[in-house]
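Printed here is query27.csv (CSV, C-alpha atoms):
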chain,number,residue,atom,x,y,z
Z,1,MET,CA,114.0,-35.6,-105.0
Z,2,LYS,CA,111.2,-36.7,-102.8
Z,3,ARG,CA,112.4,-34.3,-100.1
Z,4,ARG,CA,112.5,-31.4,-102.6
Z,5,ALA,CA,108.9,-32.2,-103.6
Z,6,VAL,CA,107.8,-32.1,-100.0
Z,7,LEU,CA,109.6,-28.8,-99.4
Z,8,GLY,CA,108.1,-27.4,-102.5
Z,9,SER,CA,104.6,-28.3,-101.5
Z,10,LEU,CA,105.2,-26.7,-98.1
Z,11,LEU,CA,106.2,-23.4,-99.8
Z,12,LEU,CA,102.9,-23.4,-101.6
Z,13,VAL,CA,100.8,-23.7,-98.5
Z,14,PRO,CA,99.4,-20.2,-98.0
Z,15,VAL,CA,100.6,-19.0,-94.6
Z,16,ALA,CA,98.6,-16.3,-92.8
Z,17,TRP,CA,100.7,-13.3,-92.1
Z,18,PRO,CA,101.4,-13.4,-88.4
Z,19,CYS,CA,99.9,-10.5,-86.6
Z,20,LEU,CA,102.3,-8.1,-84.9
Z,21,ALA,CA,101.5,-8.7,-81.2
Z,22,ALA,CA,102.4,-6.2,-78.6
Z,23,ALA,CA,105.6,-6.8,-76.6
Z,24,GLU,CA,105.1,-8.7,-73.3
Z,25,SER,CA,106.5,-5.5,-71.6
Z,26,ASP,CA,103.6,-3.4,-73.1
Z,27,VAL,CA,101.1,-5.9,-71.7
Z,28,GLN,CA,102.7,-5.8,-68.3
Z,29,ALA,CA,102.8,-2.0,-68.4
Z,30,ALA,CA,99.1,-2.0,-69.2
Z,31,ILE,CA,98.3,-4.3,-66.3
Z,32,ARG,CA,100.4,-2.2,-63.9
Z,33,ALA,CA,98.7,1.0,-65.1
Z,34,ALA,CA,95.3,-0.6,-64.3
Z,35,ALA,CA,96.3,-2.3,-61.0
Z,36,GLY,CA,98.7,0.3,-59.6
Z,37,ASP,CA,101.1,-1.2,-57.0
Z,38,VAL,CA,98.5,-3.7,-55.8
Z,39,GLU,CA,98.9,-7.4,-56.6
Z,40,PRO,CA,95.7,-8.4,-58.4
Z,41,ARG,CA,93.8,-11.4,-57.0
Z,42,GLU,CA,91.8,-13.9,-59.0
Z,43,GLY,CA,88.1,-14.3,-58.1
Z,44,GLY,CA,85.1,-12.1,-57.6
Z,45,ILE,CA,85.2,-11.1,-61.3
Z,46,VAL,CA,84.1,-13.0,-64.4
Z,47,LEU,CA,85.1,-12.2,-68.0
Z,48,SER,CA,82.9,-13.9,-70.6
Z,49,LEU,CA,83.6,-14.4,-74.3
Z,50,PRO,CA,81.9,-16.6,-76.8
Z,51,ALA,CA,83.5,-20.1,-77.0
Z,52,ARG,CA,84.4,-19.4,-80.6
Z,53,ALA,CA,84.1,-15.9,-82.0
Z,54,GLU,CA,83.0,-15.6,-85.6
Z,55,ASN,CA,84.9,-12.4,-86.3
Z,56,GLY,CA,87.8,-11.0,-84.4
Z,57,ALA,CA,86.8,-7.5,-85.5
Z,58,GLN,CA,83.7,-7.7,-83.3
Z,59,VAL,CA,84.0,-10.0,-80.3
Z,60,PRO,CA,81.3,-9.5,-77.6
Z,61,VAL,CA,82.7,-9.3,-74.1
Z,62,THR,CA,81.0,-9.2,-70.7
Z,63,VAL,CA,82.7,-8.3,-67.4
Z,64,LEU,CA,80.8,-8.9,-64.2
Z,65,VAL,CA,82.4,-8.0,-60.8
Z,66,ASP,CA,80.8,-9.4,-57.7
Z,67,SER,CA,80.3,-6.1,-55.9
Z,68,PRO,CA,77.5,-4.7,-53.7
Z,69,GLN,CA,77.9,-1.3,-55.5
Z,70,THR,CA,77.4,0.7,-52.3
Z,71,ALA,CA,79.3,3.9,-51.3
Z,72,GLU,CA,81.5,1.7,-49.0
Z,73,LEU,CA,82.3,-1.0,-51.5
Z,74,HIS,CA,82.1,-0.6,-55.3
Z,75,VAL,CA,84.1,-1.0,-58.4
Z,76,GLN,CA,86.0,2.1,-59.3
Z,77,ALA,CA,87.4,1.0,-62.6
Z,78,ILE,CA,87.5,-1.9,-65.0
Z,79,THR,CA,90.3,-2.2,-67.6
Z,80,LEU,CA,90.3,-4.6,-70.5
Z,81,ILE,CA,93.7,-5.7,-71.9
Z,82,ALA,CA,94.4,-7.7,-75.1
Z,83,THR,CA,97.6,-9.7,-74.8
Z,84,ARG,CA,98.2,-10.4,-78.5
Z,85,ASN,CA,97.0,-7.3,-80.3
Z,86,PRO,CA,99.4,-4.8,-81.8
Z,87,THR,CA,98.6,-2.5,-78.8
Z,88,PRO,CA,97.2,-4.0,-75.6
Z,89,GLY,CA,94.7,-1.3,-74.6
Z,90,VAL,CA,91.0,-2.0,-75.2
Z,91,ALA,CA,89.2,0.3,-72.8
Z,92,THR,CA,89.1,1.6,-69.2
Z,93,PHE,CA,85.8,2.2,-67.6
Z,94,ARG,CA,85.3,4.3,-64.5
Z,95,LEU,CA,82.1,3.4,-62.6
Z,96,SER,CA,80.1,5.1,-60.0
Z,97,PRO,CA,78.1,3.3,-57.3
Z,98,ALA,CA,75.0,4.5,-59.2
Z,99,LEU,CA,75.5,1.5,-61.5
Z,100,ALA,CA,73.2,-1.1,-60.2
Z,101,ARG,CA,75.7,-3.8,-60.7
Z,102,ALA,CA,79.3,-3.8,-61.8
Z,103,GLU,CA,78.6,-5.3,-65.2
Z,104,LEU,CA,79.6,-4.0,-68.6
Z,105,GLN,CA,79.2,-5.4,-72.1
Z,106,THR,CA,81.1,-4.2,-75.0
Z,107,ARG,CA,82.7,-5.5,-78.3
Z,108,VAL,CA,86.4,-5.8,-78.7
Z,109,ARG,CA,88.7,-6.2,-81.7
Z,110,LEU,CA,91.2,-9.1,-81.5
Z,111,ALA,CA,93.9,-9.6,-84.0
Z,112,GLU,CA,94.4,-13.3,-83.3
Z,113,ASP,CA,93.6,-16.1,-80.7
Z,114,GLN,CA,94.7,-14.7,-77.4
Z,115,THR,CA,94.1,-14.2,-73.7
Z,116,LEU,CA,91.9,-11.2,-72.7
Z,117,ILE,CA,92.5,-9.8,-69.2
Z,118,ALA,CA,90.1,-7.8,-67.1
Z,119,ILE,CA,91.4,-5.8,-64.1
Z,120,ALA,CA,88.9,-4.3,-61.6
Z,121,ARG,CA,90.0,-1.8,-59.0
Z,122,MET,CA,87.7,-1.8,-56.0
Z,123,SER,CA,87.0,1.2,-53.7
Z,124,ASP,CA,88.6,-0.7,-50.7
Z,125,GLY,CA,91.9,-0.6,-52.6
Z,126,THR,CA,91.9,-4.3,-53.7
Z,127,VAL,CA,92.4,-5.3,-57.3
Z,128,ARG,CA,90.8,-8.3,-59.0
Z,129,ARG,CA,91.8,-10.0,-62.2
Z,130,ALA,CA,90.2,-12.4,-64.6
Z,131,ALA,CA,91.4,-13.8,-67.9
Z,132,ALA,CA,89.6,-15.5,-70.7
Z,133,GLU,CA,90.8,-17.2,-73.9
Z,134,ALA,CA,89.5,-15.9,-77.2
Z,135,ARG,CA,89.3,-18.4,-80.1
Z,136,LEU,CA,88.6,-16.7,-83.4
Z,137,VAL,CA,87.3,-18.1,-86.7
Z,138,VAL,CA,88.7,-15.0,-88.5
Z,139,GLY,CA,91.1,-12.6,-86.8
Z,140,GLY,CA,90.4,-8.9,-86.7
Z,141,CYS,CA,93.8,-8.1,-87.9
Z,142,VAL,CA,94.0,-4.4,-88.2
W,1,MET,CA,82.5,15.8,-90.9
W,2,SER,CA,80.6,15.6,-87.6
W,3,LEU,CA,80.2,12.4,-85.6
W,4,ASN,CA,77.2,10.1,-86.2
W,5,THR,CA,74.1,10.3,-84.1
W,6,PRO,CA,74.3,7.6,-81.5
W,7,ARG,CA,71.7,5.0,-81.0
W,8,ILE,CA,70.6,4.5,-77.4
W,9,ARG,CA,68.1,2.0,-76.0
W,10,ILE,CA,66.8,3.1,-72.7
W,11,PRO,CA,63.3,2.8,-71.2
W,12,ARG,CA,61.1,5.9,-71.0
W,13,SER,CA,59.8,4.9,-67.6
W,14,ALA,CA,60.7,2.6,-64.7
W,15,ARG,CA,59.4,1.7,-61.3
W,16,ALA,CA,61.2,3.1,-58.2
W,17,GLY,CA,64.0,0.7,-57.4
W,18,GLU,CA,64.0,-1.0,-60.8
W,19,VAL,CA,67.2,-1.8,-62.5
W,20,ILE,CA,67.2,-0.6,-66.1
W,21,GLU,CA,69.5,-1.7,-68.9
W,22,ILE,CA,71.0,1.0,-71.1
W,23,ARG,CA,72.4,0.0,-74.5
W,24,THR,CA,74.4,2.5,-76.6
W,25,LEU,CA,75.9,2.2,-80.1
W,26,ILE,CA,77.6,4.8,-82.2
W,27,GLU,CA,78.6,4.2,-85.8
W,28,HIS,CA,82.3,5.0,-86.1
W,29,PRO,CA,85.2,3.2,-87.9
W,30,MET,CA,87.5,3.4,-84.9
W,31,GLU,CA,90.4,3.5,-87.4
W,32,THR,CA,93.6,2.9,-85.5
W,33,GLY,CA,95.8,3.8,-88.4
W,34,ILE,CA,97.7,0.5,-87.8
W,35,ARG,CA,98.0,-2.2,-90.5
W,36,ILE,CA,100.3,-5.1,-90.0
W,37,ASP,CA,99.9,-6.6,-93.5
W,38,GLY,CA,102.0,-4.0,-95.2
W,39,THR,CA,99.1,-2.1,-96.8
W,40,ARG,CA,98.9,1.6,-96.3
W,41,PRO,CA,96.6,2.4,-93.4
W,42,PRO,CA,94.0,5.1,-93.6
W,43,PRO,CA,94.6,8.0,-91.2
W,44,ARG,CA,93.9,7.4,-87.6
W,45,ASP,CA,90.3,8.3,-86.6
W,46,MET,CA,89.3,7.2,-83.1
W,47,LEU,CA,86.6,8.0,-80.5
W,48,ASP,CA,88.5,8.1,-77.3
W,49,ARG,CA,85.9,8.8,-74.7
W,50,LEU,CA,82.3,8.2,-73.7
W,51,VAL,CA,80.9,9.9,-70.6
W,52,VAL,CA,77.4,9.1,-69.2
W,53,ARG,CA,76.0,11.4,-66.6
W,54,MET,CA,72.9,10.8,-64.5
W,55,ASN,CA,71.3,14.1,-63.2
W,56,GLY,CA,74.7,15.8,-63.9
W,57,ALA,CA,76.9,13.3,-62.1
W,58,PRO,CA,79.1,11.0,-64.1
W,59,ILE,CA,78.2,7.3,-63.6
W,60,LEU,CA,80.3,5.8,-66.4
W,61,GLU,CA,83.4,7.2,-68.0
W,62,ALA,CA,85.0,5.1,-70.7
W,63,GLU,CA,88.4,5.6,-72.2
W,64,LEU,CA,88.5,3.9,-75.5
W,65,LYS,CA,91.7,2.4,-76.9
W,66,ASN,CA,92.7,0.6,-80.1
W,67,GLY,CA,91.1,-2.7,-78.9
W,68,THR,CA,87.6,-1.3,-78.9
W,69,ALA,CA,85.7,-2.6,-81.9
W,70,ALA,CA,84.3,-0.3,-84.7
W,71,ASN,CA,80.9,1.1,-83.9
W,72,PRO,CA,81.5,1.1,-80.2
W,73,TYR,CA,78.8,-0.6,-78.3
W,74,HIS,CA,78.3,-0.5,-74.5
W,75,VAL,CA,75.7,-2.0,-72.2
W,76,PHE,CA,75.3,-1.2,-68.5
W,77,PHE,CA,72.7,-1.2,-65.7
W,78,VAL,CA,71.4,1.5,-63.5
W,79,ARG,CA,69.1,1.5,-60.5
W,80,MET,CA,66.3,4.0,-60.8
W,81,ASP,CA,65.2,5.8,-57.6
W,82,ARG,CA,63.6,8.9,-59.1
W,83,THR,CA,62.9,10.5,-62.5
W,84,SER,CA,66.3,11.1,-64.0
W,85,GLU,CA,68.0,12.7,-66.9
W,86,PHE,CA,70.8,10.8,-68.7
W,87,GLU,CA,73.4,12.6,-70.8
W,88,PHE,CA,75.7,10.7,-73.1
W,89,VAL,CA,78.7,12.4,-74.7
W,90,TRP,CA,81.1,10.7,-77.1
W,91,SER,CA,84.3,12.5,-78.2
W,92,ASP,CA,87.1,11.8,-80.6
W,93,GLU,CA,90.8,12.4,-80.5
W,94,ARG,CA,90.4,15.5,-82.6
W,95,GLY,CA,88.1,17.1,-80.0
W,96,ARG,CA,84.8,16.6,-81.8
W,97,SER,CA,81.9,15.4,-79.8
W,98,VAL,CA,78.2,14.3,-80.0
W,99,ARG,CA,75.7,14.5,-77.2
W,100,ALA,CA,72.4,12.8,-76.5
W,101,VAL,CA,70.0,13.2,-73.6
W,102,HIS,CA,67.3,10.9,-72.4
W,103,ARG,CA,64.8,11.2,-69.6
W,104,VAL,CA,63.5,8.2,-67.6
W,105,ASN,CA,60.4,8.8,-65.6
W,106,VAL,CA,59.9,7.1,-62.3
W,107,GLY,CA,56.4,7.1,-60.8
Structure encoded using structure tokens:
Amino acid sequence: MKRRAVLGSLLLVPVAWPCLAAAESDVQAAIRAAAGDVEPREGGIVLSLPARAENGAQVPVTVLVDSPQTAELHVQAITLIATRNPTPGVATFRLSPALARAELQTRVRLAEDQTLIAIARMSDGTVRRAAAEARLVVGGCV
Amino acid sequence: MSLNTPRIRIPRSARAGEVIEIRTLIEHPMETGIRIDGTRPPPRDMLDRLVVRMNGAPILEAELKNGTAANPYHVFFVRMDRTSEFEFVWSDERGRSVRAVHRVNVG
């Protein structure tokens, strides 16, 4: 009887419908598409998110790559990947050395708490990777 | 339906060698056409590209995917060596586009 009551109360607890996250293989494919055959290295790139984002539909993101932005060494492309969205793609940016620094700010849409990944492809062929955890008050579940 | 007029914050003038900040925002639903809660989604309606050119040469090309939030907003930084013309073009998956041009005087 007691057990039944407990089970009953559990059923009444409203459960947020789980978001349909992309398959791990889709995330890996997105990383491969951004990095090519090069193994990404950590470091030299910072991905910043608010400690706790008010609204998953509009999460401010900053990517900053440590790069002199000269013809010899600059960032060629930055890709943002959401690991727990229905589709992992956020955006890919191709940069020219005319950008004074390899910094971009944008706003992303995140369906639930998750890891956001930034991949930067450098002109010397190396690839850098950074990850940041997004904690949402309200998911941008779309 | 044409695309909305973008809002661009860019200085009118700069000193030689100065780094300027450029902020862009375009009102757009960025409707992915995906709903996971079982409701019927509105048809997909996405901007998929932003190209920024400085004196004709591309300096930033963005490919926008589902994870870009509605009303796409982008901030970036450019070093000014001479008076330059910036062109901004957003385009959507249906081939429509909107263009804006700004001049920054250096002197």
Residue list for chain Z near chain W as a PDB file with C-alpha atoms, keeping the file's coordinate frame, 7 Å, only C-alpha atoms:
ATOM      1  CA  TRP Z  17     100.700 -13.300 -92.100  1.00  0.00           C
ATOM      2  CA  CYS Z  19      99.900 -10.500 -86.600  1.00  0.00           C
ATOM      3  CA  LEU Z  20     102.300  -8.100 -84.900  1.00  0.00           C
ATOM      4  CA  ALA Z  57      86.800  -7.500 -85.500  1.00  0.00           C
ATOM      5  CA  GLN Z  58      83.700  -7.700 -83.300  1.00  0.00           C
ATOM      6  CA  THR Z  87      98.600  -2.500 -78.800  1.00  0.00           C
ATOM      7  CA  GLY Z  89      94.700  -1.300 -74.600  1.00  0.00           C
ATOM      8  CA  VAL Z  90      91.000  -2.000 -75.200  1.00  0.00           C
ATOM      9  CA  ALA Z  91      89.200   0.300 -72.800  1.00  0.00           C
ATOM     10  CA  THR Z  92      89.100   1.600 -69.200  1.00  0.00           C
ATOM     11  CA  PHE Z  93      85.800   2.200 -67.600  1.00  0.00           C
ATOM     12  CA  ARG Z  94      85.300   4.300 -64.500  1.00  0.00           C
ATOM     13  CA  LEU Z  95      82.100   3.400 -62.600  1.00  0.00           C
ATOM     14  CA  SER Z  96      80.100   5.100 -60.000  1.00  0.00           C
ATOM     15  CA  ALA Z  98      75.000   4.500 -59.200  1.00  0.00           C
ATOM     16  CA  LEU Z  99      75.500   1.500 -61.500  1.00  0.00           C
ATOM     17  CA  ALA Z 100      73.200  -1.100 -60.200  1.00  0.00           C
ATOM     18  CA  ARG Z 101      75.700  -3.800 -60.700  1.00  0.00           C
ATOM     19  CA  GLU Z 103      78.600  -5.300 -65.200  1.00  0.00           C
ATOM     20  CA  LEU Z 104      79.600  -4.000 -68.600  1.00  0.00           C
ATOM     21  CA  GLN Z 105      79.200  -5.400 -72.100  1.00  0.00           C
ATOM     22  CA  THR Z 106      81.100  -4.200 -75.000  1.00  0.00           C
ATOM     23  CA  ARG Z 107      82.700  -5.500 -78.300  1.00  0.00           C
ATOM     24  CA  VAL Z 108      86.400  -5.800 -78.700  1.00  0.00           C
ATOM     25  CA  ARG Z 109      88.700  -6.200 -81.700  1.00  0.00           C
ATOM     26  CA  LEU Z 110      91.200  -9.100 -81.500  1.00  0.00           C
ATOM     27  CA  VAL Z 142      94.000  -4.400 -88.200  1.00  0.00           C
TER      28      VAL Z 142
END
W:Arg44, W:Ile8, W:Arg53, W:Ile26 ranked by distance to Ser91 (chain W), top pick (using all atoms listed in the file):
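Closest residue, counting all atoms listed in the file: W:Ile26.
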Ala100 (chain W): which residues within 10 Å, counting all atoms listed in the file, same-chain residues fewer than 6 positions away excluded, as JSON, numbers by chain?
{"W": [5, 6, 7, 8, 52, 86, 87, 88, 89, 90]}
How far is it from CA of Thr62 (chain Z) to CA of Ile78 (chain Z), in Å with one decimal?
11.3 Å
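One finds CA of Glu133 (chain Z) at 7.7 Å from CA of Leu49 (chain Z).
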One decimal, Å: what's the distance from CA of Ala35 (chain Z) over to CA of Gly56 (chain Z), could you say?
26.4 Å
Taking into account only C-alpha atoms, which residue in the set Z:Val59, Z:Met122, Z:Ala134, Z:Ile81 is nearest to Asp26 (chain Z)?
Z:Ile81
Which centre and edge lengths in Å to one decimal define the box along x, y and z that fits every listed atom of region 33-39 of chain W plus 3 Å per side, as lines of an AutoDock Vina configuration file?
center_x = 98.9
center_y = -1.4
center_z = -92.3
size_x = 12.2
size_y = 16.4
size_z = 15.0
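You can rank Z:Leu136, Z:Ala23, Z:Ala29, Z:Ile117 by their closest distance to Ala82 (chain Z) using only C-alpha atoms, and at the top of that list sits Z:Ile117.
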